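**Q** One file: protein_6.pdb (PDB, C-alpha atoms).
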```pdb
MODEL        1
ATOM      1  CA  MET A 251      16.504 -66.513 -27.644
ATOM      2  CA  LEU A 252      15.743 -63.729 -25.204
ATOM      3  CA  MET A 253      18.925 -62.378 -23.581
ATOM      4  CA  CYS A 254      19.122 -60.731 -20.154
ATOM      5  CA  LYS A 255      19.510 -57.303 -21.748
ATOM      6  CA  ASP A 256      16.409 -57.840 -23.911
ATOM      7  CA  LEU A 257      14.484 -58.901 -20.850
ATOM      8  CA  ALA A 258      15.556 -55.758 -18.964
ATOM      9  CA  GLY A 259      14.190 -53.690 -21.863
ATOM     10  CA  ILE A 260      10.699 -55.185 -21.573
ATOM     11  CA  ALA A 261      10.696 -55.901 -17.816
ATOM     12  CA  SER A 262       8.391 -53.001 -17.082
ATOM     13  CA  ASP A 263       5.800 -54.244 -19.595
ATOM     14  CA  TYR A 264       6.090 -57.716 -18.074
ATOM     15  CA  ILE A 265       5.370 -56.352 -14.583
ATOM     16  CA  ASP A 266       2.317 -54.456 -15.835
ATOM     17  CA  GLY A 267       1.024 -57.422 -17.861
ATOM     18  CA  GLU A 268       1.389 -55.501 -21.135
ATOM     19  CA  LEU A 269       3.287 -58.168 -23.115
ATOM     20  CA  ASN A 270       1.667 -60.383 -25.713
ATOM     21  CA  THR A 271       1.391 -64.119 -25.007
ATOM     22  CA  GLY A 272       4.531 -65.070 -26.938
ATOM     23  CA  GLN A 273       6.693 -62.438 -25.269
ATOM     24  CA  ASN A 274       5.251 -63.306 -21.893
ATOM     25  CA  LEU A 275       6.143 -66.962 -22.349
ATOM     26  CA  SER A 276       9.694 -66.210 -23.428
ATOM     27  CA  VAL A 277      10.175 -63.979 -20.354
ATOM     28  CA  LYS A 278       8.833 -66.714 -18.068
ATOM     29  CA  PHE A 279      11.067 -69.296 -19.755
ATOM     30  CA  HIS A 280      14.115 -67.063 -19.341
ATOM     31  CA  LEU A 281      13.268 -66.387 -15.693
ATOM     32  CA  MET A 282      13.099 -70.127 -14.974
ATOM     33  CA  MET A 283      16.738 -70.431 -15.951
ATOM     34  CA  CYS A 284      18.229 -67.117 -14.868
ATOM     35  CA  SER A 285      18.416 -66.204 -11.194
ATOM     36  CA  ASP A 286      20.004 -62.795 -11.934
ATOM     37  CA  CYS A 287      16.976 -61.775 -13.970
ATOM     38  CA  ARG A 288      14.640 -63.158 -11.297
ATOM     39  CA  THR A 289      16.375 -60.878  -8.794
ATOM     40  CA  PHE A 290      16.185 -57.982 -11.260
ATOM     41  CA  ILE A 291      12.446 -58.425 -11.834
ATOM     42  CA  GLY A 292      11.824 -58.787  -8.087
ATOM     43  CA  ASN A 293      13.755 -55.617  -7.344
ATOM     44  CA  LEU A 294      12.173 -53.647 -10.190
ATOM     45  CA  ARG A 295       8.775 -54.717  -8.872
ATOM     46  CA  MET A 296       9.775 -53.522  -5.413
ATOM     47  CA  SER A 297      10.901 -50.181  -6.852
ATOM     48  CA  THR A 298       7.466 -49.663  -8.393
ATOM     49  CA  LYS A 299       5.804 -50.575  -5.076
ATOM     50  CA  LEU A 300       8.061 -48.056  -3.362
ATOM     51  CA  MET A 301       6.846 -45.387  -5.763
ATOM     52  CA  GLN A 302       3.229 -46.303  -5.056
ATOM     53  CA  ALA A 303       3.792 -46.114  -1.300
ATOM     54  CA  HIS A 304       5.844 -42.937  -1.518
ATOM     55  CA  SER A 305       3.838 -39.753  -1.362
ATOM     56  CA  GLY A 306       6.121 -38.335  -4.004
ATOM     57  CA  ASN A 307       7.373 -34.824  -4.466
ATOM     58  CA  VAL A 308       5.085 -33.151  -2.009
ATOM     59  CA  PRO A 309       4.885 -29.493  -2.965
ATOM     60  CA  ASN A 310       6.209 -27.187  -0.298
ATOM     61  CA  GLU A 311       3.854 -25.926   2.354
ATOM     62  CA  GLU A 312       4.247 -22.326   1.191
ATOM     63  CA  PHE A 313       2.895 -23.234  -2.271
ATOM     64  CA  ILE A 314      -0.163 -24.964  -0.773
ATOM     65  CA  ARG A 315      -0.789 -22.022   1.567
ATOM     66  CA  GLU A 316      -0.590 -19.612  -1.372
ATOM     67  CA  ILE A 317      -3.265 -21.599  -3.255
ATOM     68  CA  ASP A 318      -5.395 -21.662  -0.098
ATOM     69  CA  ARG A 319      -5.022 -17.902   0.211
ATOM     70  CA  ARG A 320      -5.967 -17.252  -3.427
ATOM     71  CA  VAL A 321      -8.911 -19.652  -3.352
ATOM     72  CA  HIS A 322     -10.294 -18.092  -0.184
ATOM     73  CA  GLU A 323      -9.829 -14.600  -1.588
ATOM     74  CA  ALA A 324     -11.737 -15.649  -4.727
ATOM     75  CA  LEU A 325     -14.478 -17.305  -2.638
ATOM     76  CA  GLU A 326     -14.908 -14.119  -0.592
ATOM     77  CA  GLN A 327     -15.066 -11.975  -3.740
ATOM     78  CA  LYS A 328     -17.672 -14.231  -5.296
ATOM     79  CA  LYS A 329     -19.706 -14.160  -2.091
ATOM     80  CA  SER A 330     -19.886 -10.376  -2.146
ATOM     81  CA  ARG A 331     -20.200 -10.166  -5.928
ATOM     82  CA  PRO A 332     -22.075 -13.249  -7.241
ATOM     83  CA  THR A 333     -21.319 -14.267 -10.815
ATOM     84  CA  ASP A 334     -23.888 -14.592 -13.620
ATOM     85  CA  SER A 335     -24.082 -18.335 -13.067
ATOM     86  CA  ASP A 336     -25.385 -17.892  -9.497
TER      87      ASP A 336
ATOM     88  CA  MET B 114     -12.180 -42.606 -22.418
ATOM     89  CA  ASP B 115     -12.887 -42.028 -18.754
ATOM     90  CA  THR B 116     -11.807 -44.924 -16.621
ATOM     91  CA  ALA B 117     -12.609 -43.727 -13.119
ATOM     92  CA  GLN B 118     -16.047 -42.634 -12.020
ATOM     93  CA  ALA B 119     -16.401 -40.389  -8.995
ATOM     94  CA  THR B 120     -16.783 -42.384  -5.751
ATOM     95  CA  ASP B 121     -19.457 -41.642  -3.118
ATOM     96  CA  SER B 122     -17.155 -39.765  -0.723
ATOM     97  CA  GLU B 123     -15.768 -37.883  -3.708
ATOM     98  CA  GLN B 124     -19.299 -37.057  -4.806
ATOM     99  CA  GLU B 125     -19.920 -35.561  -1.370
ATOM    100  CA  LEU B 126     -16.794 -33.428  -1.689
ATOM    101  CA  ILE B 127     -17.851 -32.324  -5.185
ATOM    102  CA  GLU B 128     -21.237 -31.193  -3.870
ATOM    103  CA  LYS B 129     -19.515 -29.193  -1.108
ATOM    104  CA  LEU B 130     -17.176 -27.607  -3.644
ATOM    105  CA  LYS B 131     -20.174 -26.641  -5.754
ATOM    106  CA  GLU B 132     -21.618 -24.977  -2.641
ATOM    107  CA  ARG B 133     -18.301 -23.108  -2.310
ATOM    108  CA  ASP B 134     -17.623 -24.467   1.157
ATOM    109  CA  PRO B 135     -14.225 -23.050   2.254
ATOM    110  CA  ALA B 136     -13.257 -26.076   4.413
ATOM    111  CA  SER B 137     -13.854 -28.405   1.465
ATOM    112  CA  TYR B 138     -11.668 -26.256  -0.776
ATOM    113  CA  HIS B 139      -8.991 -26.376   1.905
ATOM    114  CA  LEU B 140      -9.172 -30.201   1.904
ATOM    115  CA  ALA B 141      -9.303 -30.479  -1.900
ATOM    116  CA  VAL B 142      -6.324 -28.135  -2.380
ATOM    117  CA  ARG B 143      -4.228 -30.290  -0.042
ATOM    118  CA  THR B 144      -5.382 -33.551  -1.569
ATOM    119  CA  TYR B 145      -5.173 -32.769  -5.268
ATOM    120  CA  SER B 146      -2.484 -30.106  -5.704
ATOM    121  CA  PRO B 147       0.493 -32.526  -5.621
ATOM    122  CA  GLY B 148      -0.892 -34.464  -8.609
ATOM    123  CA  MET B 149      -1.855 -31.280 -10.421
ATOM    124  CA  LEU B 150       1.662 -29.978  -9.973
ATOM    125  CA  ALA B 151       3.063 -33.254 -11.336
ATOM    126  CA  VAL B 152       0.960 -32.737 -14.476
ATOM    127  CA  ALA B 153       2.033 -29.112 -14.889
ATOM    128  CA  ARG B 154       5.697 -29.972 -14.426
ATOM    129  CA  PHE B 155       5.439 -32.330 -17.420
ATOM    130  CA  TYR B 156       4.873 -29.292 -19.616
ATOM    131  CA  LEU B 157       6.340 -26.273 -17.868
ATOM    132  CA  ASP B 158       9.257 -25.009 -15.809
ATOM    133  CA  PRO B 159       8.807 -25.206 -12.004
ATOM    134  CA  SER B 160       7.673 -21.653 -11.296
ATOM    135  CA  THR B 161       5.298 -21.406 -14.290
ATOM    136  CA  ALA B 162       3.890 -24.821 -13.306
ATOM    137  CA  GLU B 163       3.100 -23.545  -9.798
ATOM    138  CA  GLU B 164       1.408 -20.453 -11.254
ATOM    139  CA  VAL B 165      -0.751 -22.592 -13.533
ATOM    140  CA  VAL B 166      -1.887 -24.811 -10.659
ATOM    141  CA  GLN B 167      -2.807 -21.737  -8.591
ATOM    142  CA  ASP B 168      -4.756 -20.221 -11.493
ATOM    143  CA  CYS B 169      -6.548 -23.512 -12.103
ATOM    144  CA  TRP B 170      -7.888 -23.647  -8.562
ATOM    145  CA  VAL B 171      -9.442 -20.207  -8.967
ATOM    146  CA  THR B 172     -11.162 -21.290 -12.195
ATOM    147  CA  VAL B 173     -12.358 -24.507 -10.516
ATOM    148  CA  ILE B 174     -14.641 -22.449  -8.240
ATOM    149  CA  ASP B 175     -16.875 -21.621 -11.234
ATOM    150  CA  ALA B 176     -16.097 -24.598 -13.455
ATOM    151  CA  ILE B 177     -17.073 -27.209 -10.851
ATOM    152  CA  ALA B 178     -20.742 -26.235 -11.317
ATOM    153  CA  LYS B 179     -20.600 -27.942 -14.720
ATOM    154  CA  PHE B 180     -18.758 -31.039 -13.461
ATOM    155  CA  GLU B 181     -21.037 -34.046 -13.907
ATOM    156  CA  GLY B 182     -18.892 -36.769 -12.357
ATOM    157  CA  ARG B 183     -18.388 -38.750 -15.563
ATOM    158  CA  SER B 184     -14.720 -38.995 -14.630
ATOM    159  CA  GLY B 185     -13.142 -38.939 -11.193
ATOM    160  CA  LEU B 186     -12.518 -35.517  -9.661
ATOM    161  CA  LYS B 187      -8.759 -36.102  -9.788
ATOM    162  CA  THR B 188      -8.843 -36.890 -13.517
ATOM    163  CA  TRP B 189     -11.019 -33.849 -14.178
ATOM    164  CA  LEU B 190      -8.650 -31.543 -12.266
ATOM    165  CA  HIS B 191      -5.615 -33.027 -13.991
ATOM    166  CA  ARG B 192      -7.186 -32.440 -17.404
ATOM    167  CA  ILE B 193      -7.894 -28.804 -16.569
ATOM    168  CA  VAL B 194      -4.227 -28.359 -15.660
ATOM    169  CA  ALA B 195      -3.046 -30.208 -18.780
ATOM    170  CA  ASN B 196      -5.252 -28.135 -21.092
ATOM    171  CA  ARG B 197      -4.093 -24.896 -19.544
ATOM    172  CA  CYS B 198      -0.465 -25.959 -19.882
ATOM    173  CA  LYS B 199      -0.969 -26.943 -23.526
ATOM    174  CA  ASN B 200      -2.507 -23.539 -24.271
ATOM    175  CA  LYS B 201       0.408 -21.859 -22.582
ATOM    176  CA  LEU B 202       2.868 -23.929 -24.629
ATOM    177  CA  ARG B 203       1.041 -23.133 -27.838
ATOM    178  CA  SER B 204       1.163 -19.432 -27.114
ATOM    179  CA  ALA B 205       4.862 -19.648 -26.258
ATOM    180  CA  LYS B 206       5.475 -21.948 -29.280
ATOM    181  CA  ARG B 207       7.436 -24.347 -27.116
ATOM    182  CA  GLU B 208       7.833 -28.003 -27.852
ATOM    183  CA  VAL B 209       8.017 -30.795 -25.295
ATOM    184  CA  SER B 210      10.988 -32.867 -26.321
ATOM    185  CA  THR B 211      11.405 -36.450 -25.208
ATOM    186  CA  ASP B 212      13.647 -39.214 -26.431
ATOM    187  CA  PHE B 213      11.426 -42.239 -26.951
ATOM    188  CA  GLN B 214      14.006 -44.335 -28.773
ATOM    189  CA  GLU B 215      15.981 -45.934 -25.980
ATOM    190  CA  GLN B 216      14.400 -48.664 -23.885
ATOM    191  CA  LEU B 217      17.270 -48.912 -21.411
ATOM    192  CA  ASP B 218      18.748 -46.304 -19.128
ATOM    193  CA  PRO B 219      22.448 -45.898 -20.073
ATOM    194  CA  ASP B 220      23.561 -46.825 -16.529
ATOM    195  CA  LEU B 221      21.545 -50.027 -16.716
ATOM    196  CA  ALA B 222      22.642 -50.805 -20.285
ATOM    197  CA  ASP B 223      26.283 -50.654 -19.121
ATOM    198  CA  ARG B 224      25.702 -53.601 -16.855
ATOM    199  CA  PHE B 225      25.369 -56.079 -19.718
ATOM    200  CA  ASN B 226      28.195 -57.574 -21.788
ATOM    201  CA  ALA B 227      28.328 -57.602 -25.581
ATOM    202  CA  SER B 228      26.360 -60.843 -25.773
ATOM    203  CA  GLY B 229      23.529 -59.332 -23.718
ATOM    204  CA  ARG B 230      24.166 -61.234 -20.478
ATOM    205  CA  TRP B 231      24.509 -59.583 -17.077
ATOM    206  CA  GLN B 232      28.051 -58.388 -16.448
ATOM    207  CA  THR B 233      27.150 -56.706 -13.163
ATOM    208  CA  PRO B 234      24.013 -58.521 -12.018
ATOM    209  CA  PRO B 235      21.792 -57.186  -9.235
ATOM    210  CA  LYS B 236      23.293 -58.521  -6.023
ATOM    211  CA  LEU B 237      20.730 -57.905  -3.338
ATOM    212  CA  CYS B 238      17.113 -58.933  -3.079
ATOM    213  CA  PHE B 239      14.851 -56.345  -1.494
ATOM    214  CA  GLU B 240      12.997 -58.584   0.901
ATOM    215  CA  GLU B 241      11.175 -56.090   3.088
ATOM    216  CA  THR B 242       7.856 -54.548   2.131
ATOM    217  CA  ALA B 243       7.799 -51.142   0.465
ATOM    218  CA  GLU B 244       6.221 -49.615   3.573
ATOM    219  CA  SER B 245       8.921 -50.915   5.921
ATOM    220  CA  LEU B 246      11.663 -49.811   3.514
ATOM    221  CA  LEU B 247      10.153 -46.321   3.495
ATOM    222  CA  GLU B 248      10.217 -46.161   7.299
ATOM    223  CA  ASN B 249      13.869 -45.421   6.672
ATOM    224  CA  GLY B 250      13.573 -41.648   6.311
ATOM    225  CA  ALA B 251      16.920 -41.498   4.503
ATOM    226  CA  LEU B 252      15.586 -43.745   1.721
ATOM    227  CA  SER B 253      12.485 -41.616   1.426
ATOM    228  CA  ASP B 254      14.619 -38.449   1.164
ATOM    229  CA  CYS B 255      16.846 -40.167  -1.394
ATOM    230  CA  LEU B 256      13.783 -41.123  -3.433
ATOM    231  CA  ASP B 257      12.685 -37.474  -3.407
ATOM    232  CA  LYS B 258      16.130 -36.334  -4.491
ATOM    233  CA  HIS B 259      16.272 -38.758  -7.414
ATOM    234  CA  LEU B 260      12.700 -38.070  -8.433
ATOM    235  CA  SER B 261      13.513 -34.405  -8.689
ATOM    236  CA  LYS B 262      16.487 -35.256 -10.933
ATOM    237  CA  LEU B 263      14.416 -37.302 -13.388
ATOM    238  CA  PRO B 264      13.522 -35.614 -16.682
ATOM    239  CA  GLU B 265      10.178 -33.840 -16.175
ATOM    240  CA  THR B 266       8.402 -36.084 -18.670
ATOM    241  CA  GLN B 267       9.529 -39.291 -16.952
ATOM    242  CA  ARG B 268       8.763 -37.996 -13.493
ATOM    243  CA  SER B 269       5.245 -36.856 -14.372
ATOM    244  CA  ALA B 270       4.432 -40.138 -16.089
ATOM    245  CA  LEU B 271       5.752 -42.095 -13.113
ATOM    246  CA  MET B 272       3.971 -39.932 -10.537
ATOM    247  CA  LEU B 273       0.612 -40.056 -12.298
ATOM    248  CA  TYR B 274       0.825 -43.781 -12.958
ATOM    249  CA  GLU B 275       2.332 -45.024  -9.683
ATOM    250  CA  ALA B 276       1.787 -42.467  -6.939
ATOM    251  CA  HIS B 277      -1.530 -41.062  -8.187
ATOM    252  CA  GLN B 278      -2.698 -44.412  -9.588
ATOM    253  CA  HIS B 279      -4.136 -43.167 -12.875
ATOM    254  CA  LYS B 280      -4.970 -45.732 -15.554
ATOM    255  CA  SER B 281      -2.725 -45.714 -18.655
ATOM    256  CA  ALA B 282      -5.504 -44.278 -20.833
ATOM    257  CA  ASP B 283      -5.942 -41.336 -18.454
ATOM    258  CA  VAL B 284      -2.204 -40.644 -18.242
ATOM    259  CA  CYS B 285      -1.970 -40.663 -22.057
ATOM    260  CA  ASN B 286      -4.893 -38.283 -22.286
ATOM    261  CA  ILE B 287      -3.608 -35.897 -19.594
ATOM    262  CA  LEU B 288      -0.011 -35.829 -20.821
ATOM    263  CA  ASP B 289      -0.872 -36.033 -24.520
ATOM    264  CA  VAL B 290       1.458 -38.949 -25.225
ATOM    265  CA  ASN B 291       0.615 -42.145 -27.073
ATOM    266  CA  ALA B 292       0.514 -45.485 -25.269
ATOM    267  CA  SER B 293       3.886 -46.730 -26.503
ATOM    268  CA  ASN B 294       5.634 -43.485 -25.574
ATOM    269  CA  LEU B 295       4.087 -43.678 -22.114
ATOM    270  CA  ARG B 296       5.504 -47.188 -21.777
ATOM    271  CA  VAL B 297       8.994 -45.874 -22.601
ATOM    272  CA  LEU B 298       8.680 -43.043 -20.081
ATOM    273  CA  LEU B 299       7.627 -45.518 -17.396
ATOM    274  CA  HIS B 300      10.411 -47.999 -18.271
ATOM    275  CA  ARG B 301      13.067 -45.374 -18.069
ATOM    276  CA  ALA B 302      11.830 -43.781 -14.849
ATOM    277  CA  ARG B 303      11.442 -47.138 -13.095
ATOM    278  CA  GLN B 304      14.936 -48.196 -14.139
ATOM    279  CA  LYS B 305      16.366 -45.008 -12.615
ATOM    280  CA  ILE B 306      14.477 -45.601  -9.388
ATOM    281  CA  PHE B 307      15.595 -49.245  -9.376
ATOM    282  CA  LEU B 308      19.245 -48.179  -9.771
ATOM    283  CA  MET B 309      18.871 -45.624  -6.997
ATOM    284  CA  VAL B 310      17.256 -48.041  -4.534
ATOM    285  CA  GLU B 311      19.873 -50.691  -5.322
ATOM    286  CA  HIS B 312      22.718 -48.250  -4.720
ATOM    287  CA  PHE B 313      21.095 -47.116  -1.483
ATOM    288  CA  GLN B 314      20.578 -50.681  -0.221
ATOM    289  CA  GLU B 315      24.154 -51.644  -1.046
ATOM    290  CA  THR B 316      25.958 -48.608   0.300
ATOM    291  CA  GLY B 317      23.501 -46.896   2.637
ATOM    292  CA  GLU B 318      24.253 -43.732   0.712
ATOM    293  CA  CYS B 319      22.102 -41.715  -1.609
TER     294      CYS B 319
ENDMDL
END
```
Give the structure from the file, written as structure tokens.
**A**
Amino acid sequence: MLMCKDLAGIASDYIDGELNTGQNLSVKFHLMMCSDCRTFIGNLRMSTKLMQAHSGNVPNEEFIREIDRRVHEALEQKKSRPTDSD
Amino acid sequence: MDTAQATDSEQELIEKLKERDPASYHLAVRTYSPGMLAVARFYLDPSTAEEVVQDCWVTVIDAIAKFEGRSGLKTWLHRIVANRCKNKLRSAKREVSTDFQEQLDPDLADRFNASGRWQTPPKLCFEETAESLLENGALSDCLDKHLSKLPETQRSALMLYEAHQHKSADVCNILDVNASNLRVLLHRARQKIFLMVEHFQETGEC
């Protein structure tokens, strides 16, 4: 029988629908009986939604400005000195 | 296999980039650099990763002429970064090491007893939506802090899959990991984030 710890190990696959039919059924069966695991799955699901909504590690503004500067420099150079492909 | 074709608005941007329109480069740099940096950080240390992303943008100016839109622009850019990183690793003879054996984060594993039942079960249900939870700036900051503490491999996998919404096949291709290893990286990263959010909700502290 699937124990809570086993379920925690495959919870992420369950959320993403990556389990095979047998595994999926045993997770569902376990969840029917175990409120702790239902809470765990609900909270893990929420954590993944948080990650989707979170913009993540936004690089610092200085880094973006540096890329902007280099790209514009390169664009200017190519304007005055077109490459072979132009 | 490419899983995302370029959309119409993306196609418009691609055409502008091919015309070397500065404003479009400005927009593209802001839109795509965070994901590109996430890819580079999978392979390289922070400062080398930033260098690689900068160099990639300069090469994009010429390379975009050959871009045919068979994949999305984001996927194409991420692959350029990944390839450049892999070349850099090869020349430096460095290996990316990742432990793919353990399914459970040690802090989560400790919460079960010997028979595999919960010893310290999750207490709270997160009932609000993700968006309303994130309105709490402190939670958002805490998420950033914990993301930056994740192993690079886990963070990149999580960022590409969740925040940048790549399909599994694309993430595997970009990060050069097989499907089952990607699953482990995602498991582990999500568990860490789960533990962090739970701690934050219970204590109000990061």
**Q** Could you work out which residues of chain B fall inside 8 Å of chain A? Count all atoms listed in the file, and format the result as a PyMOL selection string.
**A** chain B and resi 133+135+138-139+142-143+146-147+150+163+167+170-171+174+216-217+222+225+228-231+234-239+242-244+246-247+253+257+260-261+272+275-278+296+299-300+303-304+306-307+310
**Q** Please indicate the distance in Å from atom CA of Cys284 of chain A to atom CA of Ala302 of chain B, rounded to one decimal place.
**A**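 So the two atoms, atom CA of Cys284 of chain A and atom CA of Ala302 of chain B, lie 24.2 Å apart.
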**Q** State, in Å with one decimal place, the distance from atom CA of Thr188 of chain B to atom CA of Leu202 of chain B.
**A**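 Separation of atom CA of Thr188 of chain B and atom CA of Leu202 of chain B: 20.7 Å.
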**Q** For the provided coordinates, the residues matched by the PyMOL selection byres ((chain B and resi 190-193) around 8) should be stated as a PDB file with C-alpha atoms, in the coordinates of the input.
**A**
```pdb
ATOM      1  CA  TYR B 145      -5.173 -32.769  -5.268  1.00  0.00           C
ATOM      2  CA  GLY B 148      -0.892 -34.464  -8.609  1.00  0.00           C
ATOM      3  CA  MET B 149      -1.855 -31.280 -10.421  1.00  0.00           C
ATOM      4  CA  VAL B 152       0.960 -32.737 -14.476  1.00  0.00           C
ATOM      5  CA  CYS B 169      -6.548 -23.512 -12.103  1.00  0.00           C
ATOM      6  CA  LEU B 186     -12.518 -35.517  -9.661  1.00  0.00           C
ATOM      7  CA  LYS B 187      -8.759 -36.102  -9.788  1.00  0.00           C
ATOM      8  CA  THR B 188      -8.843 -36.890 -13.517  1.00  0.00           C
ATOM      9  CA  TRP B 189     -11.019 -33.849 -14.178  1.00  0.00           C
ATOM     10  CA  VAL B 194      -4.227 -28.359 -15.660  1.00  0.00           C
ATOM     11  CA  ALA B 195      -3.046 -30.208 -18.780  1.00  0.00           C
ATOM     12  CA  ASN B 196      -5.252 -28.135 -21.092  1.00  0.00           C
ATOM     13  CA  ARG B 197      -4.093 -24.896 -19.544  1.00  0.00           C
ATOM     14  CA  ASN B 286      -4.893 -38.283 -22.286  1.00  0.00           C
ATOM     15  CA  ILE B 287      -3.608 -35.897 -19.594  1.00  0.00           C
TER      16      ILE B 287
END
```
**Q** Using only C-alpha atoms for the distances, tell me which of B:Glu123, B:Asp254, B:Asp289, B:Glu248 is nearest to Ser184 of chain B.
**A** B:Glu123
**Q** Counting all atoms listed in the file, what is within 9 Å of Ala178 of chain B, bar same-chain residues fewer than 5 positions away, as a list of chain:residue names?
**A**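 What passes the distance filter is A:Ser335, B:Glu128, B:Leu130, B:Lys131, B:Glu132, B:Val173.
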**Q** Which residues are close to Val290 of chain B, i.e. within 12 Å by all atoms listed in the file, leaving aside same-chain residues fewer than 2 positions away? Reply as a PyMOL selection string.
**A** chain B and resi 155-156+195+209-211+213+266-267+269-270+281-288+292-299
**Q** Could you tell me how far atom CA of Arg301 of chain B sits from atom CA of Ser276 of chain A, in Å to one decimal place?
**A** 21.8 Å
**Q** Generate the coordinates of all heavy atoms for segment 216-222 of chain B; report them as a PDB file, in the coordinates of the input.
**A**
```
ATOM      1  N   GLN B 216      15.160 -47.930 -24.893  1.00  0.00           N
ATOM      2  CA  GLN B 216      14.400 -48.664 -23.885  1.00  0.00           C
ATOM      3  C   GLN B 216      15.144 -48.733 -22.556  1.00  0.00           C
ATOM      4  O   GLN B 216      14.541 -48.804 -21.508  1.00  0.00           O
ATOM      5  CB  GLN B 216      14.137 -50.102 -24.367  1.00  0.00           C
ATOM      6  CG  GLN B 216      13.104 -50.207 -25.466  1.00  0.00           C
ATOM      7  CD  GLN B 216      11.682 -50.126 -24.923  1.00  0.00           C
ATOM      8  OE1 GLN B 216      11.433 -50.325 -23.754  1.00  0.00           O
ATOM      9  NE2 GLN B 216      10.743 -49.809 -25.804  1.00  0.00           N
ATOM     10  N   LEU B 217      16.486 -48.730 -22.626  1.00  0.00           N
ATOM     11  CA  LEU B 217      17.270 -48.912 -21.411  1.00  0.00           C
ATOM     12  C   LEU B 217      17.984 -47.643 -20.987  1.00  0.00           C
ATOM     13  O   LEU B 217      18.534 -46.927 -21.810  1.00  0.00           O
ATOM     14  CB  LEU B 217      18.322 -50.016 -21.615  1.00  0.00           C
ATOM     15  CG  LEU B 217      17.874 -51.468 -21.518  1.00  0.00           C
ATOM     16  CD1 LEU B 217      19.090 -52.384 -21.625  1.00  0.00           C
ATOM     17  CD2 LEU B 217      17.145 -51.747 -20.220  1.00  0.00           C
ATOM     18  N   ASP B 218      17.964 -47.391 -19.683  1.00  0.00           N
ATOM     19  CA  ASP B 218      18.748 -46.304 -19.128  1.00  0.00           C
ATOM     20  C   ASP B 218      20.224 -46.616 -19.373  1.00  0.00           C
ATOM     21  O   ASP B 218      20.643 -47.773 -19.203  1.00  0.00           O
ATOM     22  CB  ASP B 218      18.463 -46.244 -17.623  1.00  0.00           C
ATOM     23  CG  ASP B 218      19.179 -45.106 -16.953  1.00  0.00           C
ATOM     24  OD1 ASP B 218      20.347 -45.283 -16.539  1.00  0.00           O
ATOM     25  OD2 ASP B 218      18.571 -44.030 -16.858  1.00  0.00           O
ATOM     26  N   PRO B 219      21.033 -45.619 -19.772  1.00  0.00           N
ATOM     27  CA  PRO B 219      22.448 -45.898 -20.073  1.00  0.00           C
ATOM     28  C   PRO B 219      23.179 -46.597 -18.925  1.00  0.00           C
ATOM     29  O   PRO B 219      23.978 -47.506 -19.163  1.00  0.00           O
ATOM     30  CB  PRO B 219      23.046 -44.502 -20.315  1.00  0.00           C
ATOM     31  CG  PRO B 219      21.898 -43.631 -20.661  1.00  0.00           C
ATOM     32  CD  PRO B 219      20.679 -44.216 -20.016  1.00  0.00           C
ATOM     33  N   ASP B 220      22.883 -46.199 -17.675  1.00  0.00           N
ATOM     34  CA  ASP B 220      23.561 -46.825 -16.529  1.00  0.00           C
ATOM     35  C   ASP B 220      23.185 -48.294 -16.376  1.00  0.00           C
ATOM     36  O   ASP B 220      23.980 -49.101 -15.891  1.00  0.00           O
ATOM     37  CB  ASP B 220      23.214 -46.090 -15.219  1.00  0.00           C
ATOM     38  CG  ASP B 220      23.879 -44.729 -15.166  1.00  0.00           C
ATOM     39  OD1 ASP B 220      24.884 -44.536 -15.892  1.00  0.00           O
ATOM     40  OD2 ASP B 220      23.392 -43.861 -14.417  1.00  0.00           O
ATOM     41  N   LEU B 221      21.971 -48.625 -16.794  1.00  0.00           N
ATOM     42  CA  LEU B 221      21.545 -50.027 -16.716  1.00  0.00           C
ATOM     43  C   LEU B 221      22.120 -50.798 -17.906  1.00  0.00           C
ATOM     44  O   LEU B 221      22.612 -51.922 -17.751  1.00  0.00           O
ATOM     45  CB  LEU B 221      20.012 -50.117 -16.705  1.00  0.00           C
ATOM     46  CG  LEU B 221      19.411 -51.500 -16.476  1.00  0.00           C
ATOM     47  CD1 LEU B 221      19.848 -52.096 -15.132  1.00  0.00           C
ATOM     48  CD2 LEU B 221      17.888 -51.445 -16.532  1.00  0.00           C
ATOM     49  N   ALA B 222      22.117 -50.165 -19.074  1.00  0.00           N
ATOM     50  CA  ALA B 222      22.642 -50.805 -20.285  1.00  0.00           C
ATOM     51  C   ALA B 222      24.110 -51.192 -20.113  1.00  0.00           C
ATOM     52  O   ALA B 222      24.553 -52.235 -20.611  1.00  0.00           O
ATOM     53  CB  ALA B 222      22.467 -49.875 -21.484  1.00  0.00           C
TER      54      ALA B 222
END
```
